[in-house]
>>> print(open('upload_37.txt').read())   # compact mmCIF, C-alpha atoms
# COMPACT_ATOMS: atom_id res chain seq x y z
CA MET A 1 0.00 0.00 0.00
CA PRO A 2 1.35 3.50 -0.82
CA PRO A 3 2.47 5.66 2.09
CA GLU A 4 0.27 8.35 3.59
CA PRO A 5 1.32 12.00 2.97
CA GLU A 6 2.52 12.34 6.59
CA GLU A 7 5.02 9.56 5.85
CA THR A 8 6.39 11.55 2.93
CA GLN A 9 9.31 13.97 2.87
CA VAL A 10 9.69 16.57 0.13
CA ARG A 11 13.18 17.94 -0.46
CA PRO A 12 15.38 19.28 -3.27
CA GLY A 13 16.58 16.57 -5.61
CA GLY A 14 20.25 15.72 -6.03
CA GLU A 15 22.61 13.54 -8.04
CA GLY A 16 22.05 10.55 -5.75
CA ASP A 17 18.41 10.55 -6.88
CA LEU A 18 19.26 10.31 -10.57
CA PRO A 19 18.83 6.53 -11.09
CA ALA A 20 15.41 6.48 -9.38
CA LEU A 21 14.26 9.67 -11.12
CA THR A 22 15.31 8.23 -14.47
CA ASP A 23 13.43 4.99 -13.80
CA LEU A 24 10.31 6.93 -12.82
CA TYR A 25 10.47 9.13 -15.92
CA ASN A 26 11.16 6.15 -18.18
CA HIS A 27 7.92 4.54 -17.03
CA TYR A 28 6.05 7.52 -18.49
CA VAL A 29 8.19 7.46 -21.64
CA ARG A 30 7.44 3.78 -22.29
CA GLU A 31 3.86 3.51 -21.07
CA THR A 32 2.08 6.84 -21.57
CA ALA A 33 1.70 9.89 -23.77
CA ILE A 34 2.14 12.17 -20.75
CA THR A 35 5.61 12.94 -22.07
CA PHE A 36 6.39 13.14 -25.77
CA ASP A 37 9.80 11.55 -25.30
CA THR A 38 9.68 8.22 -27.13
CA ALA A 39 12.90 6.44 -26.09
CA PRO A 40 13.96 5.66 -22.51
CA PHE A 41 16.99 7.42 -21.04
CA THR A 42 20.02 6.24 -19.11
CA PRO A 43 20.86 8.12 -15.92
CA MET A 44 23.90 9.66 -17.65
CA GLU A 45 21.67 10.96 -20.44
CA ARG A 46 19.43 12.57 -17.80
CA LEU A 47 22.31 14.14 -15.86
CA PRO A 48 22.22 17.49 -17.76
CA TRP A 49 18.49 17.73 -16.97
CA LEU A 50 19.16 17.13 -13.28
CA LEU A 51 22.03 19.63 -13.18
CA SER A 52 19.80 22.28 -14.78
CA HIS A 53 17.75 22.28 -11.55
CA PRO A 54 19.96 23.62 -8.72
CA VAL A 55 18.78 23.87 -5.10
CA ASP A 56 18.12 27.59 -5.48
CA GLY A 57 16.97 29.95 -8.20
CA PRO A 58 13.93 29.73 -10.46
CA TYR A 59 14.61 26.24 -11.86
CA ARG A 60 13.99 23.72 -9.12
CA LEU A 61 13.64 19.98 -8.66
CA MET A 62 11.64 18.81 -5.66
CA VAL A 63 11.55 15.10 -4.80
CA ALA A 64 9.02 13.27 -2.63
CA THR A 65 10.30 10.24 -0.75
CA ASP A 66 8.70 7.70 1.51
CA THR A 67 10.16 8.55 4.91
CA PRO A 68 10.75 5.00 6.20
CA SER A 69 12.15 3.51 2.96
CA ARG A 70 13.49 6.70 1.27
CA ARG A 71 11.98 5.43 -2.00
CA ILE A 72 11.22 8.20 -4.50
CA LEU A 73 7.47 8.65 -4.92
CA GLY A 74 7.57 11.51 -7.40
CA TYR A 75 9.10 14.81 -8.40
CA ALA A 76 8.14 18.30 -9.52
CA THR A 77 10.20 20.77 -11.52
CA SER A 78 10.21 24.33 -12.70
CA SER A 79 12.17 24.81 -15.91
CA PRO A 80 12.73 27.61 -18.42
CA PHE A 81 9.54 28.30 -20.34
CA ARG A 82 11.35 29.37 -23.52
CA PRO A 83 15.05 30.10 -24.17
CA ARG A 84 14.80 33.79 -25.13
CA PRO A 85 15.72 36.37 -22.45
CA ALA A 86 12.32 38.08 -22.30
CA TYR A 87 10.81 34.80 -21.05
CA ALA A 88 13.14 34.68 -18.03
CA THR A 89 10.36 35.48 -15.55
CA SER A 90 8.21 32.57 -16.75
CA VAL A 91 8.68 28.89 -15.91
CA GLU A 92 7.15 25.65 -17.08
CA THR A 93 6.22 23.30 -14.26
CA THR A 94 5.60 19.58 -14.22
CA VAL A 95 4.90 16.75 -11.80
CA TYR A 96 5.56 13.02 -12.16
CA VAL A 97 4.28 10.60 -9.51
CA ALA A 98 5.29 6.96 -9.25
CA PRO A 99 2.46 4.85 -10.68
CA ASP A 100 2.26 2.78 -7.50
CA ALA A 101 2.10 5.87 -5.24
CA GLY A 102 -1.64 5.99 -5.85
CA ARG A 103 -3.91 8.89 -5.06
CA ARG A 104 -2.27 9.85 -1.79
CA GLY A 105 -1.66 13.52 -2.45
CA ILE A 106 1.96 13.18 -3.57
CA GLY A 107 1.44 15.62 -6.48
CA THR A 108 -0.14 18.12 -4.11
CA LEU A 109 2.77 17.85 -1.65
CA LEU A 110 5.27 18.31 -4.47
CA TYR A 111 3.57 21.36 -6.00
CA LYS A 112 3.10 22.95 -2.56
CA ALA A 113 6.84 22.61 -1.87
CA LEU A 114 7.79 23.78 -5.36
CA PHE A 115 5.67 26.93 -5.23
CA GLU A 116 6.87 27.72 -1.70
CA ALA A 117 10.46 27.43 -2.96
CA LEU A 118 9.70 29.72 -5.91
CA ALA A 119 7.92 32.37 -3.82
CA GLY A 120 11.02 34.57 -3.41
CA GLU A 121 12.17 34.32 -7.02
CA ASP A 122 11.76 36.99 -9.70
CA LEU A 123 9.03 35.07 -11.50
CA HIS A 124 5.77 36.31 -12.97
CA ARG A 125 4.03 33.24 -14.47
CA ALA A 126 4.11 29.47 -14.43
CA TYR A 127 2.87 27.39 -17.36
CA ALA A 128 1.96 23.72 -17.60
CA GLY A 129 1.14 21.57 -20.59
CA VAL A 130 -1.15 18.61 -19.93
CA THR A 131 -1.48 15.88 -22.56
CA GLN A 132 -5.16 15.07 -22.97
CA PRO A 133 -6.93 13.26 -21.52
CA ASN A 134 -5.43 13.53 -18.02
CA ASP A 135 -8.12 14.43 -15.50
CA ALA A 136 -5.85 13.94 -12.47
CA SER A 137 -3.27 16.42 -13.77
CA THR A 138 -5.96 18.91 -14.78
CA ARG A 139 -7.44 18.76 -11.25
CA LEU A 140 -4.01 19.18 -9.65
CA HIS A 141 -3.17 22.24 -11.72
CA GLU A 142 -6.57 23.85 -11.13
CA ARG A 143 -6.22 23.19 -7.38
CA PHE A 144 -3.03 25.27 -7.46
CA GLY A 145 -4.64 28.20 -9.24
CA PHE A 146 -3.68 27.39 -12.81
CA ARG A 147 -6.27 28.43 -15.35
CA TYR A 148 -6.86 26.95 -18.76
CA VAL A 149 -5.59 29.16 -21.61
CA GLY A 150 -5.88 26.94 -24.69
CA THR A 151 -5.18 23.64 -26.40
CA TYR A 152 -2.65 22.71 -29.03
CA ARG A 153 -4.60 20.18 -31.11
CA GLU A 154 -2.85 17.03 -32.31
CA VAL A 155 0.53 18.55 -31.46
CA GLY A 156 2.28 15.27 -30.68
CA ARG A 157 2.24 11.80 -32.18
CA LYS A 158 3.08 8.82 -29.99
CA PHE A 159 1.93 5.19 -29.98
CA GLY A 160 0.52 5.67 -33.48
CA ARG A 161 -1.94 8.41 -32.62
CA TRP A 162 -2.17 12.18 -32.26
CA TRP A 163 -2.39 13.86 -28.85
CA ASP A 164 -3.68 17.25 -27.76
CA VAL A 165 -1.95 19.32 -25.08
CA ALA A 166 -4.00 21.69 -22.91
CA TRP A 167 -2.07 24.69 -21.58
CA TYR A 168 -2.54 26.25 -18.17
CA GLU A 169 -1.04 29.35 -16.55
CA LYS A 170 -0.66 30.57 -13.00
CA GLU A 171 0.33 33.97 -11.66
CA LEU A 172 3.30 33.82 -9.31
>>> encode(input="upload_37.txt", output="structure tokens")
Amino acid sequence: MPPEPEETQVRPGGEGDLPALTDLYNHYVRETAITFDTAPFTPMERLPWLLSHPVDGPYRLMVATDTPSRRILGYATSSPFRPRPAYATSVETTVYVAPDAGRRGIGTLLYKALFEALAGEDLHRAYAGVTQPNDASTRLHERFGFRYVGTYREVGRKFGRWWDVAWYEKEL
């Protein structure tokens, strides 16, 4: 049975988490259209991604672990929204929860910690793209004050079909 939220610690992610984070992400690469990556990664291939999320600044990686076992239950990130300088006060956020973590509020704990960490940063907006359908992710983002701003129709092709991505924004 998945742990209760009170048995969960949320902390900044680090290099020691890389194998478990890669395994978690690869589940979504192989099994879902939640990410549009189509080939699994090795931990070394994911290292630049991890290093782009330091423990301070606007680009963060927060990791939820089961307190007794220290097993990673999920992670949330804020990343650059677009590479051009005028976008520097906007971030794209995402959450991935281990499929066996169930509906125990792990995503909520991760986003709460992420937005608390970002509160002192020079940021104006957060954006999130949600591959459709994904009711759980839509509910999570709306719970945190994201509002729907539009859908990119059939923007990605994976598993032999086209997928829509709904976009949400949140004032920071």
>>> closest_residue(input="upload_37.txt", among="A:Gln9, A:Thr94, A:Lys158, A:Leu140", to="Thr32 (chain A)", atoms="only C-alpha atoms")
A:Lys158
>>> axis_aligned_box(input="upload_37.txt", around="region 116-134 of chain A", padding_each_side="3 Å", output="JSON")
{"center_x": 2.6, "center_y": 25.1, "center_z": -12.3, "size_x": 25.1, "size_y": 29.7, "size_z": 27.3}
>>> residues_around(input="upload_37.txt", residues="Ala117 (chain A)", least_positions_apart="5", cutoff="10 Å", atoms="only C-alpha atoms", output="PyMOL selection string")
chain A and resi 12+55-62+111-112
>>> atom_distance(input="upload_37.txt", atom1="CA of Leu123 (chain A)", atom2="CA of Phe36 (chain A)")
26.3 Å
>>> atom_distance(input="upload_37.txt", atom1="CA of Leu118 (chain A)", atom2="CA of Ser78 (chain A)")
8.7 Å
>>> closest_residue(input="upload_37.txt", among="A:Leu110, A:Val97, A:Ala20, A:Ile34", to="Arg157 (chain A)", atoms="all atoms listed in the file")
A:Ile34
>>> atom_distance(input="upload_37.txt", atom1="CA of Thr93 (chain A)", atom2="CA of Tyr148 (chain A)")
14.3 Å
>>> residues_around(input="upload_37.txt", residues="Glu142 (chain A)", least_positions_apart="6", cutoff="10 Å", atoms="only C-alpha atoms", output="ChimeraX atom specification")
/A:148,168-170
>>> residues_near_point(input="upload_37.txt", point="(-5.6, 21.3, -14.9)", cutoff="10 Å", atoms="all atoms listed in the file", output="mmCIF file with C-alpha atoms, in the frame of the given file")
data_model
loop_
_atom_site.group_PDB
_atom_site.id
_atom_site.type_symbol
_atom_site.label_atom_id
_atom_site.label_comp_id
_atom_site.auth_asym_id
_atom_site.auth_seq_id
_atom_site.Cartn_x
_atom_site.Cartn_y
_atom_site.Cartn_z
ATOM 1 C CA ALA A 128 1.960 23.720 -17.600
ATOM 2 C CA GLY A 129 1.140 21.570 -20.590
ATOM 3 C CA VAL A 130 -1.150 18.610 -19.930
ATOM 4 C CA ASN A 134 -5.430 13.530 -18.020
ATOM 5 C CA ASP A 135 -8.120 14.430 -15.500
ATOM 6 C CA ALA A 136 -5.850 13.940 -12.470
ATOM 7 C CA SER A 137 -3.270 16.420 -13.770
ATOM 8 C CA THR A 138 -5.960 18.910 -14.780
ATOM 9 C CA ARG A 139 -7.440 18.760 -11.250
ATOM 10 C CA LEU A 140 -4.010 19.180 -9.650
ATOM 11 C CA HIS A 141 -3.170 22.240 -11.720
ATOM 12 C CA GLU A 142 -6.570 23.850 -11.130
ATOM 13 C CA ARG A 143 -6.220 23.190 -7.380
ATOM 14 C CA PHE A 144 -3.030 25.270 -7.460
ATOM 15 C CA GLY A 145 -4.640 28.200 -9.240
ATOM 16 C CA PHE A 146 -3.680 27.390 -12.810
ATOM 17 C CA ARG A 147 -6.270 28.430 -15.350
ATOM 18 C CA TYR A 148 -6.860 26.950 -18.760
ATOM 19 C CA ALA A 166 -4.000 21.690 -22.910
ATOM 20 C CA TRP A 167 -2.070 24.690 -21.580
ATOM 21 C CA TYR A 168 -2.540 26.250 -18.170
ATOM 22 C CA GLU A 169 -1.040 29.350 -16.550
#
>>> residues_around(input="upload_37.txt", residues="Gly74 (chain A)", least_positions_apart="2", cutoff="6 Å", atoms="only C-alpha atoms", output="compact mmCIF listing (two decimals) with C-alpha atoms, in the coordinates of the input")
# COMPACT_ATOMS: atom_id res chain seq x y z
CA VAL A 63 11.55 15.10 -4.80
CA ALA A 64 9.02 13.27 -2.63
CA ILE A 72 11.22 8.20 -4.50
CA TYR A 96 5.56 13.02 -12.16
CA VAL A 97 4.28 10.60 -9.51
CA ALA A 98 5.29 6.96 -9.25
>>> closest_residue(input="upload_37.txt", among="A:Glu116, A:Gly156, A:Leu24, A:Thr89", to="Thr38 (chain A)", atoms="all atoms listed in the file")
A:Gly156
>>> closest_residue(input="upload_37.txt", among="A:Glu45, A:Arg82, A:Val91, A:Thr35", to="Trp163 (chain A)", atoms="all atoms listed in the file")
A:Thr35
>>> residues_around(input="upload_37.txt", residues="Pro43 (chain A)", least_positions_apart="4", cutoff="8 Å", atoms="all atoms listed in the file", output="list in words")
Leu18, Pro19, Thr22 and Leu47 of chain A
>>> residues_near_point(input="upload_37.txt", point="(6.4, 0.8, -26.8)", cutoff="12 Å", atoms="all atoms listed in the file", output="ChimeraX atom specification")
/A:26-33,37-40,158-160
>>> closest_residue(input="upload_37.txt", among="A:Val155, A:Val95, A:Thr77, A:Asp23", to="Gly107 (chain A)", atoms="only C-alpha atoms")
A:Val95
